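Have a look at the structure below before the remarks.
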Amino acid sequence: MNGRVTRSVAIIGGTGPAGTGLALRWARAGESVIIGSRNAARAQEAADVIGKRAGANARVSGMENSAACAASDLLVLTVPFAGQAGLVKQLKPAIRAGSILIDATVPLAASVGGRASRVLGVWQGSAAQQTSELVPKGVSVVAAFHNVSAELLNGDADIDCDVIVCSDDPNATQVAMELAAKIGGVRAIDGGKLENARLVEQITALLVGLNVRHKGHGGIRITGLPDSAYKTGPVAR
Ligand SMILES: NC(=O)c1ccc[n+]([C@@H]2O[C@H](COP(=O)([O-])OP(=O)(O)OC[C@H]3O[C@@H](n4cnc5c(N)ncnc54)[C@H](OP(=O)(O)O)[C@@H]3O)[C@@H](O)[C@H]2O)c1
């Protein structure tokens with residue numbers, strides 16, 4: 001990983017609601033953000049919009065996905081499950097050794113024409129574990145940000161949601177927790193091994209169903225853990 005001062009966060013598939021929302025929050029928090037897309041012009045367009053919203057000092061650029069991978073060793077993957085494996089395979093040569101890849105992909109049945117309130121079975125156990133099988137050796141995969149509403153991320157208010165972070169690499173977990181805690185209102189919680197991503201991804205399907213039923217933007221809060229279990233940023237409560 002680069003040092004904190006020079007690093008960029010590259011969001012692969014960053015032109016959709018999840019990617020733009022995360023980019024907006026991190027750009028506002030002072031992170032240098034790269035929006036990745038299959039199309040460089042589309043990436044630049046999204047970066048311009050986010051940059052304007054994030055303020056004068058924001059550092060947001062746009063690149064084709066493989067260029068974004070080559071430019072950063074801190075990657076966030078925000079693509080529909082149906083495109084996830086193919087994209088990761090395609091990007092494999094561009095992913096730098098030692099990178100951290102934070103996967104927010106939820107294997108919603110909607111991504112293959114089914115219901116958004118159902119998850120697909122994934123042979124590897126979870127979408128994140130599938131990614132972990134496909135990235136170059138030595139790349140640490142983290143599962144995070146599945147349960148945060150993209151609509152809320154794209155707004156201005158603090159977000160009433162915890163982010164459960166799962167990885168087999170404790171350093172990668174810490175990096176992802178720090179990023180999560182930069183989102184106002186969010187508390188990051190170490191959720192243990194990457195195999196737990198299966199459980200966290202499934203919560204999203206429940207939330208989608210609740211959102212439809214109750215017309216809201218539900219999130220999750222884990223209560224009852226010691227204060228030390230929750231990582232919060234300066235603005236989180
Ligand atoms: N929406 C939410 O509230 C939310 C919250 C948490 C997690 N998530 C998860 O985050 C991921 C992204 O969500 P989203 O709502 O932002 O999705 P999305 O808008 O459907 O897709 C995000 C971006 O992925 C790229 N993409 C689409 N299909 C692709 C394919 N077959 N191959 C490669 N790239 C493709 C597109 O970018 P380009 O066309 O520019 O390449 C698109 O703008 C999903 O897995 C979702 O389950 C979503």
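Chain labels follow the order of the structure tokens: the first chain is A, the next B, and so on; residue numbering restarts at 1 in every chain, and ligands are counted from 1 in their shown order.
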
Exercise. Go through the chains and note each residue within 8 Å of ligand 1, using only C-alpha atoms and all ligand atoms, then give the set as a ChimeraX atom specification.
Key: /A:12-20,36-39,42-43,65,77-84,86-87,104-108,111,145-151,204

Where does range 184-233 of chain A meet range 113-137 of chain A within 12 Å, residue by residue, with the nearest atom pair and distance in Å to one decimal for each, counting only C-alpha atoms, listed by chain and rising number, as CSV?
```
residue,atom,partner,partner_atom,distance
A:Lys193,CA,A:Gln129,CA,10.4
A:Leu194,CA,A:Gln129,CA,6.8
A:Glu195,CA,A:Gln129,CA,6.9
A:Asn196,CA,A:Ser126,CA,8.4
A:Ala197,CA,A:Ser126,CA,6.1
A:Arg198,CA,A:Ser126,CA,4.6
A:Leu199,CA,A:Ser126,CA,8.4
A:Val200,CA,A:Ser126,CA,9.3
A:Glu201,CA,A:Ser126,CA,7.4
A:Gln202,CA,A:Val119,CA,6.3
A:Ile203,CA,A:Val119,CA,9.4
A:Thr204,CA,A:Ser117,CA,7.9
A:Ala205,CA,A:Ser117,CA,4.4
A:Leu206,CA,A:Ser117,CA,6.1
A:Leu207,CA,A:Ser117,CA,7.7
A:Val208,CA,A:Ser117,CA,5.5
A:Gly209,CA,A:Ser117,CA,5.0
A:Leu210,CA,A:Ser117,CA,8.7
A:Asn211,CA,A:Ser117,CA,9.7
A:Val212,CA,A:Ser117,CA,9.0
A:Arg213,CA,A:Ser117,CA,10.7
```

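Once Asn171 in chain A and its same-chain neighbours fewer than 5 positions away are set aside, Ile100, Ser140, Ala176 and Met177 of chain A remain within 10 Å of it when counting only C-alpha atoms.
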
Practice problem: Report as a PyMOL selection string: the residues of range 59-166 of chain A with a DSSP assignment of alpha helix (DSSP H), based on the backbone of this structure. | Solution: chain A and resi 65-71+81-91+127-134+150-153

Quiz prompt | 7 Å contact set for Val163 in chain A, only C-alpha atoms, chain neighbours under 4 positions out, as an NGL selection string | solution = :A and (144-145 or 147 or 180 or 186-189)

Which residues in range 73-228 of chain A does DSSP call strand (DSSP E)? List them as a PDB file with all heavy atoms, in the first residue's frame.
```
ATOM      1  N   LEU A  74      -5.388   0.412  -3.755  1.00  0.00           N
ATOM      2  CA  LEU A  74      -6.552   0.320  -2.872  1.00  0.00           C
ATOM      3  C   LEU A  74      -7.802   0.413  -3.745  1.00  0.00           C
ATOM      4  O   LEU A  74      -8.162   1.482  -4.241  1.00  0.00           O
ATOM      5  CB  LEU A  74      -6.522   1.459  -1.829  1.00  0.00           C
ATOM      6  CG  LEU A  74      -7.681   1.510  -0.842  1.00  0.00           C
ATOM      7  CD1 LEU A  74      -7.896   0.168  -0.149  1.00  0.00           C
ATOM      8  CD2 LEU A  74      -7.432   2.594   0.206  1.00  0.00           C
ATOM      9  N   LEU A  75      -8.404  -0.744  -3.995  1.00  0.00           N
ATOM     10  CA  LEU A  75      -9.504  -0.848  -4.960  1.00  0.00           C
ATOM     11  C   LEU A  75     -10.811  -1.153  -4.241  1.00  0.00           C
ATOM     12  O   LEU A  75     -10.826  -1.883  -3.248  1.00  0.00           O
ATOM     13  CB  LEU A  75      -9.215  -1.973  -5.964  1.00  0.00           C
ATOM     14  CG  LEU A  75      -7.831  -1.975  -6.619  1.00  0.00           C
ATOM     15  CD1 LEU A  75      -7.662  -3.223  -7.497  1.00  0.00           C
ATOM     16  CD2 LEU A  75      -7.624  -0.709  -7.443  1.00  0.00           C
ATOM     17  N   VAL A  76     -11.885  -0.596  -4.766  1.00  0.00           N
ATOM     18  CA  VAL A  76     -13.226  -0.901  -4.261  1.00  0.00           C
ATOM     19  C   VAL A  76     -14.044  -1.355  -5.461  1.00  0.00           C
ATOM     20  O   VAL A  76     -14.053  -0.683  -6.495  1.00  0.00           O
ATOM     21  CB  VAL A  76     -13.866   0.342  -3.593  1.00  0.00           C
ATOM     22  CG1 VAL A  76     -15.257   0.003  -3.065  1.00  0.00           C
ATOM     23  CG2 VAL A  76     -12.976   0.867  -2.466  1.00  0.00           C
ATOM     24  N   LEU A  77     -14.702  -2.493  -5.324  1.00  0.00           N
ATOM     25  CA  LEU A  77     -15.455  -3.061  -6.453  1.00  0.00           C
ATOM     26  C   LEU A  77     -16.950  -2.877  -6.223  1.00  0.00           C
ATOM     27  O   LEU A  77     -17.498  -3.395  -5.245  1.00  0.00           O
ATOM     28  CB  LEU A  77     -15.110  -4.550  -6.578  1.00  0.00           C
ATOM     29  CG  LEU A  77     -15.711  -5.315  -7.751  1.00  0.00           C
ATOM     30  CD1 LEU A  77     -15.210  -4.773  -9.089  1.00  0.00           C
ATOM     31  CD2 LEU A  77     -15.385  -6.808  -7.638  1.00  0.00           C
ATOM     32  N   ILE A 100      -5.089  -4.063  -2.005  1.00  0.00           N
ATOM     33  CA  ILE A 100      -6.268  -4.416  -1.208  1.00  0.00           C
ATOM     34  C   ILE A 100      -7.478  -4.163  -2.094  1.00  0.00           C
ATOM     35  O   ILE A 100      -7.591  -3.101  -2.707  1.00  0.00           O
ATOM     36  CB  ILE A 100      -6.339  -3.554   0.067  1.00  0.00           C
ATOM     37  CG1 ILE A 100      -5.212  -3.945   1.024  1.00  0.00           C
ATOM     38  CG2 ILE A 100      -7.705  -3.687   0.738  1.00  0.00           C
ATOM     39  CD1 ILE A 100      -5.091  -3.048   2.245  1.00  0.00           C
ATOM     40  N   LEU A 101      -8.362  -5.144  -2.181  1.00  0.00           N
ATOM     41  CA  LEU A 101      -9.587  -4.978  -2.980  1.00  0.00           C
ATOM     42  C   LEU A 101     -10.787  -5.145  -2.051  1.00  0.00           C
ATOM     43  O   LEU A 101     -10.988  -6.214  -1.469  1.00  0.00           O
ATOM     44  CB  LEU A 101      -9.632  -5.998  -4.119  1.00  0.00           C
ATOM     45  CG  LEU A 101     -10.762  -5.796  -5.142  1.00  0.00           C
ATOM     46  CD1 LEU A 101     -10.392  -6.428  -6.478  1.00  0.00           C
ATOM     47  CD2 LEU A 101     -12.092  -6.367  -4.668  1.00  0.00           C
ATOM     48  N   ILE A 102     -11.535  -4.069  -1.904  1.00  0.00           N
ATOM     49  CA  ILE A 102     -12.732  -4.097  -1.051  1.00  0.00           C
ATOM     50  C   ILE A 102     -13.936  -4.357  -1.950  1.00  0.00           C
ATOM     51  O   ILE A 102     -14.235  -3.564  -2.842  1.00  0.00           O
ATOM     52  CB  ILE A 102     -12.900  -2.761  -0.302  1.00  0.00           C
ATOM     53  CG1 ILE A 102     -11.646  -2.446   0.522  1.00  0.00           C
ATOM     54  CG2 ILE A 102     -14.146  -2.805   0.572  1.00  0.00           C
ATOM     55  CD1 ILE A 102     -11.620  -1.045   1.113  1.00  0.00           C
ATOM     56  N   ASP A 103     -14.602  -5.462  -1.701  1.00  0.00           N
ATOM     57  CA  ASP A 103     -15.706  -5.877  -2.581  1.00  0.00           C
ATOM     58  C   ASP A 103     -17.047  -5.589  -1.908  1.00  0.00           C
ATOM     59  O   ASP A 103     -17.324  -6.087  -0.808  1.00  0.00           O
ATOM     60  CB  ASP A 103     -15.573  -7.379  -2.875  1.00  0.00           C
ATOM     61  CG  ASP A 103     -16.436  -7.818  -4.037  1.00  0.00           C
ATOM     62  OD1 ASP A 103     -17.286  -7.028  -4.484  1.00  0.00           O
ATOM     63  OD2 ASP A 103     -16.262  -8.970  -4.490  1.00  0.00           O
ATOM     64  N   SER A 140      -5.245  -8.850  -1.212  1.00  0.00           N
ATOM     65  CA  SER A 140      -6.150  -9.103  -0.083  1.00  0.00           C
ATOM     66  C   SER A 140      -7.551  -8.623  -0.404  1.00  0.00           C
ATOM     67  O   SER A 140      -7.745  -7.450  -0.740  1.00  0.00           O
ATOM     68  CB  SER A 140      -5.642  -8.367   1.167  1.00  0.00           C
ATOM     69  OG  SER A 140      -4.428  -8.909   1.581  1.00  0.00           O
ATOM     70  N   VAL A 141      -8.500  -9.515  -0.292  1.00  0.00           N
ATOM     71  CA  VAL A 141      -9.893  -9.147  -0.551  1.00  0.00           C
ATOM     72  C   VAL A 141     -10.611  -8.903   0.775  1.00  0.00           C
ATOM     73  O   VAL A 141     -10.437  -9.651   1.740  1.00  0.00           O
ATOM     74  CB  VAL A 141     -10.612 -10.241  -1.371  1.00  0.00           C
ATOM     75  CG1 VAL A 141     -12.104  -9.949  -1.497  1.00  0.00           C
ATOM     76  CG2 VAL A 141      -9.978 -10.351  -2.759  1.00  0.00           C
ATOM     77  N   VAL A 142     -11.368  -7.838   0.799  1.00  0.00           N
ATOM     78  CA  VAL A 142     -12.166  -7.456   1.961  1.00  0.00           C
ATOM     79  C   VAL A 142     -13.614  -7.354   1.489  1.00  0.00           C
ATOM     80  O   VAL A 142     -13.874  -6.873   0.388  1.00  0.00           O
ATOM     81  CB  VAL A 142     -11.745  -6.066   2.500  1.00  0.00           C
ATOM     82  CG1 VAL A 142     -12.468  -5.742   3.794  1.00  0.00           C
ATOM     83  CG2 VAL A 142     -10.249  -5.970   2.669  1.00  0.00           C
ATOM     84  N   ALA A 143     -14.549  -7.784   2.312  1.00  0.00           N
ATOM     85  CA  ALA A 143     -15.973  -7.584   2.011  1.00  0.00           C
ATOM     86  C   ALA A 143     -16.487  -6.474   2.913  1.00  0.00           C
ATOM     87  O   ALA A 143     -16.291  -6.517   4.137  1.00  0.00           O
ATOM     88  CB  ALA A 143     -16.740  -8.872   2.269  1.00  0.00           C
ATOM     89  N   ASP A 162     -24.244   0.663  10.393  1.00  0.00           N
ATOM     90  CA  ASP A 162     -22.922   0.092  10.653  1.00  0.00           C
ATOM     91  C   ASP A 162     -22.428  -0.644   9.413  1.00  0.00           C
ATOM     92  O   ASP A 162     -23.230  -1.169   8.638  1.00  0.00           O
ATOM     93  CB  ASP A 162     -22.978  -0.897  11.828  1.00  0.00           C
ATOM     94  CG  ASP A 162     -23.227  -0.194  13.156  1.00  0.00           C
ATOM     95  OD1 ASP A 162     -22.986   1.036  13.232  1.00  0.00           O
ATOM     96  OD2 ASP A 162     -23.668  -0.856  14.101  1.00  0.00           O
ATOM     97  N   VAL A 163     -21.108  -0.677   9.259  1.00  0.00           N
ATOM     98  CA  VAL A 163     -20.494  -1.406   8.147  1.00  0.00           C
ATOM     99  C   VAL A 163     -19.686  -2.567   8.727  1.00  0.00           C
ATOM    100  O   VAL A 163     -18.739  -2.353   9.489  1.00  0.00           O
ATOM    101  CB  VAL A 163     -19.595  -0.476   7.301  1.00  0.00           C
ATOM    102  CG1 VAL A 163     -18.701  -1.287   6.362  1.00  0.00           C
ATOM    103  CG2 VAL A 163     -20.445   0.494   6.494  1.00  0.00           C
ATOM    104  N   ILE A 164     -20.092  -3.774   8.395  1.00  0.00           N
ATOM    105  CA  ILE A 164     -19.374  -4.961   8.868  1.00  0.00           C
ATOM    106  C   ILE A 164     -18.317  -5.328   7.829  1.00  0.00           C
ATOM    107  O   ILE A 164     -18.619  -5.439   6.641  1.00  0.00           O
ATOM    108  CB  ILE A 164     -20.349  -6.126   9.103  1.00  0.00           C
ATOM    109  CG1 ILE A 164     -21.389  -5.712  10.154  1.00  0.00           C
ATOM    110  CG2 ILE A 164     -19.604  -7.373   9.545  1.00  0.00           C
ATOM    111  CD1 ILE A 164     -22.475  -6.732  10.395  1.00  0.00           C
ATOM    112  N   VAL A 165     -17.092  -5.470   8.300  1.00  0.00           N
ATOM    113  CA  VAL A 165     -15.940  -5.653   7.415  1.00  0.00           C
ATOM    114  C   VAL A 165     -15.360  -7.050   7.639  1.00  0.00           C
ATOM    115  O   VAL A 165     -15.014  -7.411   8.765  1.00  0.00           O
ATOM    116  CB  VAL A 165     -14.868  -4.575   7.715  1.00  0.00           C
ATOM    117  CG1 VAL A 165     -13.637  -4.784   6.853  1.00  0.00           C
ATOM    118  CG2 VAL A 165     -15.443  -3.176   7.533  1.00  0.00           C
ATOM    119  N   CYS A 166     -15.252  -7.824   6.567  1.00  0.00           N
ATOM    120  CA  CYS A 166     -14.759  -9.205   6.686  1.00  0.00           C
ATOM    121  C   CYS A 166     -13.551  -9.419   5.781  1.00  0.00           C
ATOM    122  O   CYS A 166     -13.596  -9.070   4.598  1.00  0.00           O
ATOM    123  CB  CYS A 166     -15.847 -10.196   6.265  1.00  0.00           C
ATOM    124  SG  CYS A 166     -17.386 -10.030   7.175  1.00  0.00           S
ATOM    125  N   SER A 167     -12.506  -9.996   6.326  1.00  0.00           N
ATOM    126  CA  SER A 167     -11.324 -10.312   5.518  1.00  0.00           C
ATOM    127  C   SER A 167     -10.434 -11.291   6.270  1.00  0.00           C
ATOM    128  O   SER A 167     -10.467 -11.354   7.507  1.00  0.00           O
ATOM    129  CB  SER A 167     -10.528  -9.031   5.216  1.00  0.00           C
ATOM    130  OG  SER A 167      -9.338  -9.340   4.503  1.00  0.00           O
ATOM    131  N   ARG A 187     -20.412   3.430  11.668  1.00  0.00           N
ATOM    132  CA  ARG A 187     -19.445   2.775  12.545  1.00  0.00           C
ATOM    133  C   ARG A 187     -18.981   1.509  11.839  1.00  0.00           C
ATOM    134  O   ARG A 187     -19.803   0.764  11.289  1.00  0.00           O
ATOM    135  CB  ARG A 187     -20.093   2.386  13.881  1.00  0.00           C
ATOM    136  CG  ARG A 187     -20.706   3.548  14.632  1.00  0.00           C
ATOM    137  CD  ARG A 187     -21.315   3.099  15.937  1.00  0.00           C
ATOM    138  NE  ARG A 187     -22.263   2.000  15.759  1.00  0.00           N
ATOM    139  CZ  ARG A 187     -22.949   1.431  16.745  1.00  0.00           C
ATOM    140  NH1 ARG A 187     -22.779   1.839  17.989  1.00  0.00           N
ATOM    141  NH2 ARG A 187     -23.793   0.451  16.506  1.00  0.00           N
ATOM    142  N   ALA A 188     -17.681   1.282  11.836  1.00  0.00           N
ATOM    143  CA  ALA A 188     -17.140   0.070  11.213  1.00  0.00           C
ATOM    144  C   ALA A 188     -16.895  -0.977  12.287  1.00  0.00           C
ATOM    145  O   ALA A 188     -16.428  -0.663  13.382  1.00  0.00           O
ATOM    146  CB  ALA A 188     -15.841   0.395  10.487  1.00  0.00           C
ATOM    147  N   ILE A 189     -17.210  -2.218  11.941  1.00  0.00           N
ATOM    148  CA  ILE A 189     -17.039  -3.330  12.885  1.00  0.00           C
ATOM    149  C   ILE A 189     -16.281  -4.447  12.176  1.00  0.00           C
ATOM    150  O   ILE A 189     -16.621  -4.826  11.046  1.00  0.00           O
ATOM    151  CB  ILE A 189     -18.410  -3.860  13.357  1.00  0.00           C
ATOM    152  CG1 ILE A 189     -19.216  -2.742  14.037  1.00  0.00           C
ATOM    153  CG2 ILE A 189     -18.250  -5.049  14.297  1.00  0.00           C
ATOM    154  CD1 ILE A 189     -20.663  -3.116  14.314  1.00  0.00           C
ATOM    155  N   ASP A 190     -15.260  -4.970  12.842  1.00  0.00           N
ATOM    156  CA  ASP A 190     -14.521  -6.117  12.298  1.00  0.00           C
ATOM    157  C   ASP A 190     -15.431  -7.340  12.373  1.00  0.00           C
ATOM    158  O   ASP A 190     -15.767  -7.811  13.465  1.00  0.00           O
ATOM    159  CB  ASP A 190     -13.236  -6.318  13.116  1.00  0.00           C
ATOM    160  CG  ASP A 190     -12.390  -7.488  12.624  1.00  0.00           C
ATOM    161  OD1 ASP A 190     -12.875  -8.274  11.776  1.00  0.00           O
ATOM    162  OD2 ASP A 190     -11.250  -7.615  13.100  1.00  0.00           O
TER     163      ASP A 190
END
```

Practice problem: Identify, on the basis of only C-alpha atoms, every residue whose closest approach to Gln44 in chain A does not exceed 10 Å; exclude the query and any residue fewer than 4 positions from it along the same chain; express the result as an MDAnalysis selection string. | Solution: chainID A and resid 15 34:37 39:40 48:50 60:64

Exercise. Using CA of Ala67 in chain A and CA of Ala46 in chain A as the two end points, give the distance in Å to one decimal.
Key: 15.9 Å

Quiz prompt | Shell around Asp73 in chain A at 9 Å using only C-alpha atoms, local window under 3 positions removed, as number ranges by chain | solution = A: 1-2, 7-10, 69-70, 95-101

Quiz prompt | Shortest interatomic distance to Glu178 in chain A - which of A:Lys231, A:Arg53, A:Arg221, A:Gln90, counting only C-alpha atoms | solution = A:Lys231

Quiz item: In Å to one decimal, how far is CA of Arg25 in chain A from CA of Gly155 in chain A?
Solution: 9.0 Å

Quiz prompt | Selection: 7 Å around Ala58 in chain A, only C-alpha atoms, excl. self and same-chain fewer than 2 positions, as a PyMOL selection string | solution = chain A and resi 27-28+30+51+54-56+60

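The coordinates place CA of Ala68 in chain A at 17.5 Å from CA of Ala85 in chain A.
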
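With only C-alpha atoms as the basis for measurement, A:Arg59 is the residue among A:Arg59, A:Asp156, A:Cys161, A:Ala47 that approaches Glu31 in chain A most closely.
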
Exercise. Between A:Pro226, A:Gly184, A:Gly218, A:Gly192, single out the one closest to Ala29 in chain A, counting only C-alpha atoms.
Key: A:Gly184
